[in-house]
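Below is one structure; the comments refer to it alone.
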Amino acid sequence: MSKQTTIKSYKLKNNETRYMFQIYIGVDSLTGKERSTTRRGFKTKKEAKDALAQLKVEINNGTFKKKQLEIYQDLYEMWINHYENTVEESTFIKTTGIFKNHILPAMGAYKIDKIDVAICQKHVDEWAKKLKRFRMVKAYAAKVLDFAIKRSYLSNNPFSLVESPTKIKKVSIDQVESEQENFYNREQLIELLTCFEKEDNLKVYALFHLLSFSGMRKGEALALTWKDINFKDNEIRINKAISRGKNNKLYLKTTKTGISRTIKLDPETMDLLKAWRKQQKKDYLHLGYNTTQPNQLVFSNENNEFIQPTKTRKWLMNILKKYNLKKITTHGLRHTHCTLLFEAGASLKDVQDRLGHTDSKTTLDIYTHVTQKAKAETIGKFENYLKI
């Protein structure tokens with residue numbers, strides 16, 4: 001069956017013109033489906049015509065063998081289809097964003113067999129100049145070439161020979177002195193929660209109190225349902241979290257580590273949750289929602305659906321600005337909880353289990369913060385030791 005082939009022009013990011021065509025090459029004997037192959041990157045229309053004529057000769061003579069993957073973009077498309085089945089939806093979305101914004105614009109049009117160490121080094125150097133997490137971008141770009149090696153399209157990965165630039169951060173003395181750690185001490189946390197209480201918004205106050213007294217991740221707290229809370233034994237079962245997936249939709253997934261955990265909470269926090277449950281029933285009944293259903297969210301928006309995770313930042317920033325408090329992020333309350341647990345004498349294993357870390361190294365690496373009180377106690381002990 002003969003099909004008309006048209007040569008088309010397209011523009012590169014630098015506005016240069018290139019030419020391409022797609023040609024029908026017959027029916028796949030294995031699947032019975034029609035097959036075609038695409039050629040692109042020709043600088044002139046004549047180059048494209050000559051390549052098309054040569055292909056037609058090969059197809060007619062039966063000597064044509066389709067190259068399934070020709071450029072990095074083709075290889076990426078095959079890899080990403082496989083990758084989607086190996087990770088959480090939210091991770092998949094983040095990964096495709098990295099390729100769309102950084103990797104494909106740089107490398108997408110390269111022919112696979114022409115990619116060498118010099119090309120990879122060039123782009124790693126470029127990413128390092130503009131991206132804080134350029135090593136992650138490099139790692140993802142390399143994954144596609146690792147995939148090519150497994151499929152016998154390449155024999156080695158040039159990214160393995162690339163040297164990562166060392167970024168030296170230059171700061172002024174003023175910046176160093178004003179730099180603040182993303183956690184509160186005991187007094188600062190009490191002040192923050194007191195300010196939330198003054199605002200007369202029980203839902204928001206209960207949420208930030210829970211984050212501070214439980215160490216839960218924000219996504220875990222926003223996924224809680226009332227059946228996850230055991231008021232009799234003062235326990236909360238943490239077995240899911242919300243995350244952002246395709247088309248920017250929020251969905252439920254497992255916890256970050258994929259492991260459920262049950263934590264104890266203090267009576268004051270449980271009483272606050274009870275008060276919010278009672279208030280929620282009244283408030284949402286006026287909105288036309290029955291919150292006594294088994295899977296009712298503890299914290300939901302006006303449509304009784306997931307609260308957008310970015311909303312917590314707005315609530316927090318309003319309080320910090322209004323009451324002139326030290327800056328902290330929502331995740332900083334998790335840091336705060338961990339730091340205060342250590343200060344209160346909790347063991348490394350207890351903190352690890354409560355925060356849901358799979359190993360103690362994670363707990364130590366992320367949360368080796370020492371409060372000002374602990375620093376003062378350290379020098380105090382040293383001073384007392386040296387007293388004669």
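Identifiers for the structure tokens are assigned positionally: chains receive A, B, ... in sequence, residues are indexed from 1 per chain, and ligands are indexed from 1 in the order shown.
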| message | Considering only helix (DSSP H, G or I) as DSSP defines it on the backbone, what residues of region 300-358 of chain A qualify? List them as a VMD selection string. | response | chain A and resid 310 to 322 332 to 343 348 to 355
| request: Compile the contact shell of Tyr251 (chain A) as a list in words: residues with an atom at most 10 Å away, counting only C-alpha atoms, same-chain residues fewer than 6 positions apart removed. | output: Glu89, Ser90, Ala223, Ala241, Ile242, Ser243, Arg244, Gly245 and Phe306 of chain A
| said: Nearest residue to Lys326 (chain A) out of A:Asp233, A:Asp359, A:Glu191, A:Glu163, using only C-alpha atoms? | reply: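 Under the stated criterion, the closest residue is A:Glu191.
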| request: List the neighbours of region 69-78 of chain A out to 8 Å using only C-alpha atoms; skip same-chain residues closer than 2 positions along the sequence, and give me the result as an NGL selection string. | output: :A and (67 or 80-82 or 104 or 107-112 or 144 or 148)
Could you save those same residues with N, CA and C atoms as an mmCIF file, in the first residue's frame?
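Contents of part01.cif, freshly written:
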data_model
loop_
_atom_site.group_PDB
_atom_site.id
_atom_site.type_symbol
_atom_site.label_atom_id
_atom_site.label_comp_id
_atom_site.auth_asym_id
_atom_site.auth_seq_id
_atom_site.Cartn_x
_atom_site.Cartn_y
_atom_site.Cartn_z
ATOM 1 N N LYS A 67 15.135 1.799 12.324
ATOM 2 C CA LYS A 67 15.783 2.129 13.589
ATOM 3 C C LYS A 67 14.701 2.635 14.525
ATOM 4 N N ILE A 80 10.176 6.518 29.552
ATOM 5 C CA ILE A 80 9.182 7.097 30.451
ATOM 6 C C ILE A 80 7.944 6.222 30.544
ATOM 7 N N ASN A 81 7.596 5.526 29.466
ATOM 8 C CA ASN A 81 6.456 4.617 29.509
ATOM 9 C C ASN A 81 6.692 3.468 30.478
ATOM 10 N N HIS A 82 7.936 2.996 30.519
ATOM 11 C CA HIS A 82 8.299 1.947 31.474
ATOM 12 C C HIS A 82 8.384 2.514 32.891
ATOM 13 N N LEU A 104 15.009 17.654 28.026
ATOM 14 C CA LEU A 104 14.645 17.541 26.616
ATOM 15 C C LEU A 104 14.963 18.792 25.793
ATOM 16 N N MET A 107 18.759 18.238 25.224
ATOM 17 C CA MET A 107 19.302 17.026 24.601
ATOM 18 C C MET A 107 18.329 16.283 23.692
ATOM 19 N N GLY A 108 17.081 16.693 23.675
ATOM 20 C CA GLY A 108 16.054 15.929 22.968
ATOM 21 C C GLY A 108 16.341 15.627 21.512
ATOM 22 N N ALA A 109 16.971 16.552 20.799
ATOM 23 C CA ALA A 109 17.177 16.388 19.354
ATOM 24 C C ALA A 109 18.474 15.663 19.006
ATOM 25 N N TYR A 110 19.317 15.356 20.010
ATOM 26 C CA TYR A 110 20.584 14.687 19.724
ATOM 27 C C TYR A 110 20.377 13.253 19.234
ATOM 28 N N LYS A 111 21.152 12.865 18.217
ATOM 29 C CA LYS A 111 21.160 11.469 17.802
ATOM 30 C C LYS A 111 21.864 10.650 18.885
ATOM 31 N N ILE A 112 21.279 9.523 19.205
ATOM 32 C CA ILE A 112 21.761 8.731 20.336
ATOM 33 C C ILE A 112 23.234 8.362 20.205
ATOM 34 N N VAL A 144 18.108 7.613 31.292
ATOM 35 C CA VAL A 144 17.640 7.301 29.944
ATOM 36 C C VAL A 144 18.727 6.584 29.153
ATOM 37 N N ALA A 148 19.126 2.783 27.537
ATOM 38 C CA ALA A 148 19.592 2.498 26.176
ATOM 39 C C ALA A 148 20.623 1.378 26.169
#
| message | Measuring between only C-alpha atoms, which one of A:Lys253, A:Glu88, A:Ser260, A:Trp79 shows the shortest distance to Thr358 (chain A)? | response |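 Among A:Lys253, A:Glu88, A:Ser260, A:Trp79, it is A:Ser260 that comes nearest to Thr358 (chain A).
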